[in-house]
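Asker: For reference, this is protein.cif, and it has mmCIF, C-alpha atoms.
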data_query
#
loop_
_atom_site.label_atom_id
_atom_site.label_comp_id
_atom_site.auth_asym_id
_atom_site.auth_seq_id
_atom_site.Cartn_x
_atom_site.Cartn_y
_atom_site.Cartn_z
CA MET A 1 67.57 25.68 198.73
CA VAL A 2 68.73 24.18 195.44
CA THR A 3 71.65 21.77 195.14
CA PHE A 4 73.75 21.89 191.97
CA ARG A 5 75.57 18.67 191.09
CA LEU A 6 78.35 17.94 188.62
CA ALA A 7 77.71 14.41 187.36
CA PRO A 8 80.61 11.93 187.53
CA ALA A 9 80.37 11.36 183.77
CA VAL A 10 80.96 15.06 183.14
CA ALA A 11 83.74 15.32 185.71
CA ASP A 12 85.50 12.31 184.17
CA ALA A 13 85.16 13.52 180.58
CA PHE A 14 86.07 17.14 181.39
CA PRO A 15 88.38 17.07 184.43
CA GLY A 16 89.24 20.76 184.07
CA THR A 17 85.65 21.84 184.67
CA ARG A 18 85.10 24.56 187.24
CA VAL A 19 81.80 26.35 187.72
CA ALA A 20 81.20 29.50 189.75
CA LEU A 21 77.66 29.90 191.08
CA VAL A 22 76.99 33.54 192.00
CA THR A 23 73.73 33.90 193.90
CA ALA A 24 71.72 37.04 194.49
CA THR A 25 68.64 37.18 196.70
CA GLY A 26 66.30 40.11 197.14
CA LEU A 27 67.32 41.27 193.67
CA ARG A 28 65.79 44.57 192.52
CA GLY A 29 65.68 44.47 188.75
CA ARG A 30 63.58 47.53 188.10
CA GLU A 31 65.86 50.18 189.59
CA PRO A 32 68.74 51.81 187.68
CA TRP A 33 72.00 49.83 187.64
CA PRO A 34 74.57 52.52 186.77
CA ARG A 35 77.64 50.30 187.31
CA THR A 36 76.31 47.74 184.85
CA ALA A 37 75.49 50.43 182.30
CA THR A 38 79.02 51.80 182.64
CA ALA A 39 80.59 48.32 182.32
CA VAL A 40 78.70 47.62 179.09
CA GLU A 41 79.45 51.03 177.62
CA GLU A 42 83.14 50.70 178.50
CA LEU A 43 83.43 47.41 176.59
CA GLU A 44 81.74 48.95 173.56
CA ARG A 45 84.03 51.99 173.71
CA ARG A 46 87.17 49.84 173.94
CA LEU A 47 85.99 47.73 171.01
CA ALA A 48 85.34 50.85 168.95
CA ASP A 49 88.75 52.39 169.65
CA GLY A 50 90.58 49.11 169.05
CA THR A 51 92.04 48.64 172.54
CA TRP A 52 90.14 45.40 173.18
CA SER A 53 88.31 42.70 171.26
CA PRO A 54 86.23 39.73 172.45
CA ALA A 55 87.68 36.23 172.50
CA ASP A 56 86.94 34.28 169.33
CA GLU A 57 87.19 30.61 168.40
CA THR A 58 90.99 30.86 168.07
CA ASP A 59 91.31 31.83 171.73
CA PRO A 60 92.16 28.84 173.98
CA ARG A 61 89.32 29.72 176.36
CA VAL A 62 86.78 29.37 173.55
CA GLU A 63 88.56 26.63 171.64
CA ALA A 64 88.24 24.37 174.69
CA TRP A 65 84.46 24.71 174.46
CA HIS A 66 84.51 23.97 170.74
CA ALA A 67 86.41 20.76 171.48
CA ALA A 68 83.94 19.83 174.21
CA TYR A 69 80.96 20.44 171.92
CA ARG A 70 82.47 18.25 169.21
CA SER A 71 83.06 15.49 171.78
CA PHE A 72 79.33 15.18 172.47
CA GLY A 73 78.27 15.50 168.86
CA THR A 74 77.50 19.22 168.49
CA ASN A 75 79.02 21.26 165.66
CA PRO A 76 80.28 24.38 167.49
CA ARG A 77 80.28 26.47 164.33
CA ARG A 78 76.57 25.87 163.85
CA VAL A 79 75.60 25.81 167.52
CA ARG A 80 78.10 28.05 169.27
CA PRO A 81 79.04 28.22 172.95
CA SER A 82 77.32 31.24 174.50
CA VAL A 83 80.49 33.30 174.98
CA ASP A 84 81.51 32.68 171.37
CA ALA A 85 78.11 33.70 170.02
CA LEU A 86 77.96 36.79 172.22
CA GLY A 87 81.47 37.88 171.29
CA ARG A 88 80.76 37.46 167.57
CA ARG A 89 77.59 39.51 167.91
CA LEU A 90 79.45 42.26 169.74
CA ALA A 91 82.30 42.30 167.20
CA LYS A 92 79.83 42.52 164.30
CA LYS A 93 77.36 45.06 165.68
CA GLY A 94 79.59 47.03 168.05
CA VAL A 95 77.05 46.83 170.87
CA LEU A 96 75.87 44.29 173.40
CA PRO A 97 72.17 43.50 173.58
CA ARG A 98 70.29 45.22 176.40
CA VAL A 99 67.88 42.77 178.02
CA ASN A 100 67.53 43.76 181.67
CA PRO A 101 70.13 44.83 184.25
CA ALA A 102 70.79 41.35 185.66
CA VAL A 103 71.24 39.77 182.22
CA ASP A 104 73.27 42.74 180.99
CA SER A 105 75.58 42.27 184.00
CA TYR A 106 76.47 38.67 183.27
CA ASN A 107 76.74 39.33 179.54
CA ALA A 108 79.29 42.06 180.19
CA VAL A 109 81.32 39.87 182.55
CA SER A 110 81.13 36.91 180.17
CA VAL A 111 82.42 38.70 177.10
CA ARG A 112 84.99 40.71 179.05
CA HIS A 113 86.64 37.57 180.45
CA GLY A 114 85.93 35.11 177.63
CA LEU A 115 83.93 32.76 179.86
CA PRO A 116 80.43 31.36 179.22
CA ALA A 117 77.76 32.71 181.55
CA GLY A 118 74.07 32.18 182.16
CA ALA A 119 71.47 32.51 184.90
CA PHE A 120 68.40 30.81 186.33
CA ASP A 121 65.50 32.27 188.28
CA LEU A 122 65.62 29.98 191.31
CA ASP A 123 61.92 30.48 192.00
CA ARG A 124 61.23 28.77 188.65
CA VAL A 125 63.61 25.85 189.21
CA THR A 126 62.01 22.54 190.24
CA GLY A 127 64.09 20.46 192.63
CA ASP A 128 67.86 20.21 192.28
CA VAL A 129 70.00 20.86 189.20
CA ASP A 130 72.40 18.40 187.58
CA ILE A 131 75.07 19.09 184.98
CA ARG A 132 74.93 15.78 183.14
CA PRO A 133 74.61 14.03 179.79
CA ALA A 134 71.09 14.14 178.37
CA HIS A 135 69.18 10.86 178.24
CA GLY A 136 67.47 11.74 174.96
CA THR A 137 63.97 11.65 176.41
CA GLU A 138 63.82 15.05 178.14
CA THR A 139 62.19 18.17 176.75
CA PHE A 140 63.52 21.71 176.38
CA THR A 141 61.74 24.95 175.55
CA PRO A 142 64.20 27.58 174.29
CA LEU A 143 64.40 31.09 175.69
CA GLY A 144 62.02 33.36 173.81
CA GLU A 145 60.13 30.45 172.21
CA PRO A 146 57.53 29.41 174.81
CA ASP A 147 55.61 27.21 172.36
CA ALA A 148 58.63 25.30 171.04
CA VAL A 149 59.66 21.88 172.34
CA GLU A 150 63.03 20.30 171.61
CA THR A 151 64.58 16.99 172.64
CA PRO A 152 68.32 17.11 173.35
CA LYS A 153 70.37 14.29 171.87
CA PRO A 154 71.59 11.49 174.15
CA GLY A 155 75.00 12.40 175.56
CA GLU A 156 74.64 16.14 174.99
CA ILE A 157 75.75 17.93 178.17
CA VAL A 158 72.88 19.83 179.79
CA TYR A 159 71.77 21.49 182.99
CA ALA A 160 68.59 19.72 184.12
CA ASP A 161 66.17 19.98 187.02
CA ALA A 162 63.28 17.68 187.96
CA ALA A 163 60.98 19.26 185.37
CA GLY A 164 63.24 19.27 182.32
CA ILE A 165 66.26 20.75 180.60
CA LEU A 166 67.51 24.20 181.62
CA THR A 167 70.27 24.57 179.00
CA ARG A 168 71.13 22.88 175.72
CA HIS A 169 74.63 22.05 174.48
CA TRP A 170 75.98 22.80 177.99
CA ASN A 171 75.78 26.59 177.66
CA HIS A 172 74.53 27.39 174.15
CA ARG A 173 71.01 28.42 175.16
CA ASP A 174 68.93 28.73 178.31
CA ALA A 175 65.36 27.58 178.84
CA HIS A 176 62.36 29.89 178.70
CA ARG A 177 60.93 28.57 181.97
CA THR A 178 63.81 29.69 184.20
CA ARG A 179 64.63 32.92 182.33
CA VAL A 180 65.72 35.94 184.37
CA THR A 181 63.42 38.96 184.13
CA GLU A 182 63.21 42.31 185.92
CA GLU A 183 60.86 40.61 188.38
CA SER A 184 63.32 37.83 189.33
CA ALA A 185 64.25 38.19 192.99
CA ARG A 186 66.28 35.01 193.62
CA VAL A 187 68.79 34.22 190.91
CA VAL A 188 71.85 32.03 190.43
CA PHE A 189 74.36 33.20 187.84
CA VAL A 190 76.69 30.61 186.32
CA LEU A 191 80.24 31.18 185.04
CA GLU A 192 82.23 28.27 183.59
CA THR A 193 85.65 27.15 182.45
CA LEU A 194 87.00 23.86 181.15
CA ARG A 195 90.57 24.92 181.95
CA ALA A 196 90.62 25.28 185.72
CA ASP A 197 94.38 24.79 185.85
CA ARG A 198 94.93 27.82 183.64
CA ASP A 199 91.78 29.91 184.04
CA GLY A 200 90.68 29.19 187.61
CA GLY A 201 91.95 32.58 188.73
CA LEU A 202 90.20 34.27 185.83
CA LEU A 203 86.96 32.55 186.83
CA ASP A 204 87.35 33.85 190.38
CA THR A 205 87.99 37.37 189.10
CA ALA A 206 84.93 37.22 186.87
CA ALA A 207 82.73 35.92 189.71
CA ASP A 208 83.93 38.74 191.99
CA GLU A 209 83.28 41.29 189.25
CA LEU A 210 79.76 39.99 188.70
CA ARG A 211 79.11 40.00 192.43
CA THR A 212 80.25 43.64 192.58
CA LEU A 213 77.72 44.57 189.89
CA LEU A 214 74.92 42.68 191.65
CA ALA A 215 75.57 43.67 195.26
CA PRO A 216 74.12 47.23 195.19
CA HIS A 217 70.83 45.80 193.95
CA ALA A 218 70.47 42.71 196.16
CA GLU A 219 69.90 41.96 199.82
CA ARG A 220 72.57 39.27 199.75
CA THR A 221 75.10 37.78 197.34
CA ALA A 222 77.39 34.75 197.60
CA VAL A 223 79.72 32.64 195.47
CA HIS A 224 79.91 28.82 195.43
CA HIS A 225 82.02 26.54 193.25
CA LEU A 226 81.67 23.16 191.55
CA ASP A 227 84.51 21.04 190.23
CA PRO A 228 85.40 17.32 190.18
CA THR A 229 86.71 17.53 193.76
CA ARG A 230 83.64 19.47 194.96
CA PRO A 231 80.80 18.14 192.81
CA HIS A 232 77.92 19.46 194.97
CA ALA A 233 76.94 22.97 196.07
CA THR A 234 73.74 24.12 197.75
CA VAL A 235 72.64 27.68 197.03
#
Would you put the structure from the file into structure tokens?
Answerer:
Amino acid sequence: MVTFRLAPAVADAFPGTRVALVTATGLRGREPWPRTATAVEELERRLADGTWSPADETDPRVEAWHAAYRSFGTNPRRVRPSVDALGRRLAKKGVLPRVNPAVDSYNAVSVRHGLPAGAFDLDRVTGDVDIRPAHGTETFTPLGEPDAVETPKPGEIVYADAAGILTRHWNHRDAHRTRVTEESARVVFVLETLRADRDGGLLDTAADELRTLLAPHAERTAVHHLDPTRPHATV
């Protein structure tokens, strides 16, 4: 079991924070995931025919993340929130990246609903996970760069376990160590909003949609939530 904690400093600075933790155990990443393939293709088709476009930095859902990034010293136009970067990539190239079915699932849900998303292989997580300001002494190895070592700036919001940093700039980039692969069998997927009063229902819808994509390929799924009134959740 892993406990996720929303630090008081984060809850105080961002009182509209709400995080959905969608867990999947017994995940089977090597079989076909036709619902996920259809969901991704549908987004690409709607983008191509002009009936839908991803949220950009002018959208209030994304703008809230830009404001948060600026508050802890990150330039969001150089280091973009994950949903912003993914939406820009989709708008430019017309296609979403295909990584593996689990990652493709949360990417599709993220860009469809304009909410940042990520995931951690729970079998690679050490101890519990805190959403907190960085101390400035921790290390981070970016996804896809196993030999790189970065040091987040003090005050930068991160996900961190006992062994190091799991995300930089809150949700800009995940760590290589806890990456989700086709072999990952126990995974927690993270969906986030800073506007719970306005987008709490959207977050719930997105979590349910992700769970629907995961359920045919997992032994068990569940959804937990974090917010300033419920700062702990064990998954």
Asker: What residues come out when you apply the PyMOL selection byres ((chain A and resi 116) around 10) to this file, written as a ChimeraX atom specification?
Answerer: /A:19,61-62,65,81-86,106-107,109-111,113-115,117-118,170-172,190-193
Asker: What does the structure give for the distance between CA of Ala39 (chain A) and CA of Asp174 (chain A), in Å to one decimal?
Answerer: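 Separation between CA of Ala39 (chain A) and CA of Asp174 (chain A): 23.1 Å.
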Asker: Show which residues sit within 10 Å of region 145-148 of chain A, as an MDAnalysis selection string. Count all atoms listed in the file, and ignore same-chain residues fewer than 3 positions away.
Answerer: chainID A and resid 139:142 175:177
Asker: Would you mind listing what lies within 12 Å of Thr17 (chain A) as an NGL selection string, with all atoms listed in the file counted and same-chain residues fewer than 4 positions away left out?
Answerer: :A and (6-13 or 64-65 or 68 or 131 or 170 or 191-200 or 203 or 225-231)
Asker: For Val125 (chain A), please output as a PyMOL selection string all residues within 9 Å (counting only C-alpha atoms; exclusion window: fewer than 6 positions along the same chain).
Answerer: chain A and resi 2+161-163+166+177-178
Asker: Report the distance between CA of Arg89 (chain A) and CA of Pro34 (chain A) in Å, rounded to one decimal place.
Answerer: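 Interatomic distance, CA of Arg89 (chain A) to CA of Pro34 (chain A): 23.1 Å.
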Asker: Selected by the PyMOL selection byres ((chain A and resi 216) around 10) in the shown coordinates: which residues, as a list in words?
Answerer: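 Given this file, the PyMOL selection byres ((chain A and resi 216) around 10) evaluates to Leu27, Arg28, Trp33, Pro34, Arg35, Arg211, Thr212, Leu213, Leu214, Ala215, His217, Ala218, Glu219, Arg220 and Thr221 of chain A.
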Asker: Go ahead and save the residues from that selection, with C-alpha atoms, as a short mmCIF file (atom, residue, chain, number, x, y, z; two decimals), in the coordinates of the input.
Answerer:
data_model
loop_
_atom_site.label_atom_id
_atom_site.label_comp_id
_atom_site.auth_asym_id
_atom_site.auth_seq_id
_atom_site.Cartn_x
_atom_site.Cartn_y
_atom_site.Cartn_z
CA LEU A 27 67.32 41.27 193.67
CA ARG A 28 65.79 44.57 192.52
CA TRP A 33 72.00 49.83 187.64
CA PRO A 34 74.57 52.52 186.77
CA ARG A 35 77.64 50.30 187.31
CA ARG A 211 79.11 40.00 192.43
CA THR A 212 80.25 43.64 192.58
CA LEU A 213 77.72 44.57 189.89
CA LEU A 214 74.92 42.68 191.65
CA ALA A 215 75.57 43.67 195.26
CA HIS A 217 70.83 45.80 193.95
CA ALA A 218 70.47 42.71 196.16
CA GLU A 219 69.90 41.96 199.82
CA ARG A 220 72.57 39.27 199.75
CA THR A 221 75.10 37.78 197.34
#
Asker: Please measure the separation of CA of Tyr159 (chain A) and CA of Asp204 (chain A), giving the value in Å to one decimal.
Answerer: 21.2 Å
Asker: Between A:Arg80, A:Val22, A:Thr3, A:Val40, which residue has the minimum interatomic distance to Glu63 (chain A), considering all atoms listed in the file?
Answerer: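 The answer is A:Arg80, which sits nearest to Glu63 (chain A).
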Asker: With only C-alpha atoms as the counted atoms, please give the residues lying no more than 12 Å from Trp52 (chain A), apart from itself and same-chain residues fewer than 3 positions off, as a PyMOL selection string.
Answerer: chain A and resi 42-49+55+87+90-91+94+111-114
Asker: I want to know what sits within 10 Å of Thr181 (chain A), based on all atoms listed in the file, with residues of the same chain fewer than 5 positions away left out; could you give that as a ChimeraX atom specification?
Answerer: /A:29-30,99-103,120-121,187
Asker: Pick from A:Ser71, A:Ser53, A:Thr151, A:Thr23: nearest to Gly164 (chain A), with only C-alpha atoms counted?
Answerer: A:Thr151
Asker: Using all atoms listed in the file, can you tell me which of A:Arg78, A:Arg179, A:Arg18, A:Lys153 comes closest to Ala207 (chain A)?
Answerer: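 When distances to Ala207 (chain A) are compared using all atoms listed in the file, the smallest one comes from A:Arg18.
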Asker: Box in all listed atoms of region 192-204 of chain A, axis-aligned, with 8 Å more on each side; write out centre and edge lengths in Å to one decimal as AutoDock Vina command-line options.
Answerer:
--center_x 88.6 --center_y 29.1 --center_z 185.8 --size_x 28.7 --size_y 26.4 --size_z 25.2
Asker: Need the neighbours of (77.9, 15.8, 166.6): which residues are at most 12 Å away, counting all atoms listed in the file, as a list in words?
Answerer: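 The residues that fall inside the cut-off are His66, Ala67, Ala68, Tyr69, Arg70, Ser71, Phe72, Gly73, Thr74, Asn75, Pro76, Arg77, Arg78, Val79, Pro152, Lys153, Pro154, Gly155, Glu156, Ile157 and His169 of chain A.
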Asker: With distances taken over only C-alpha atoms, which residue among A:Ala20, A:Val158, A:Val188, A:Leu210 lies nearest Val235 (chain A)?
Answerer: A:Val188
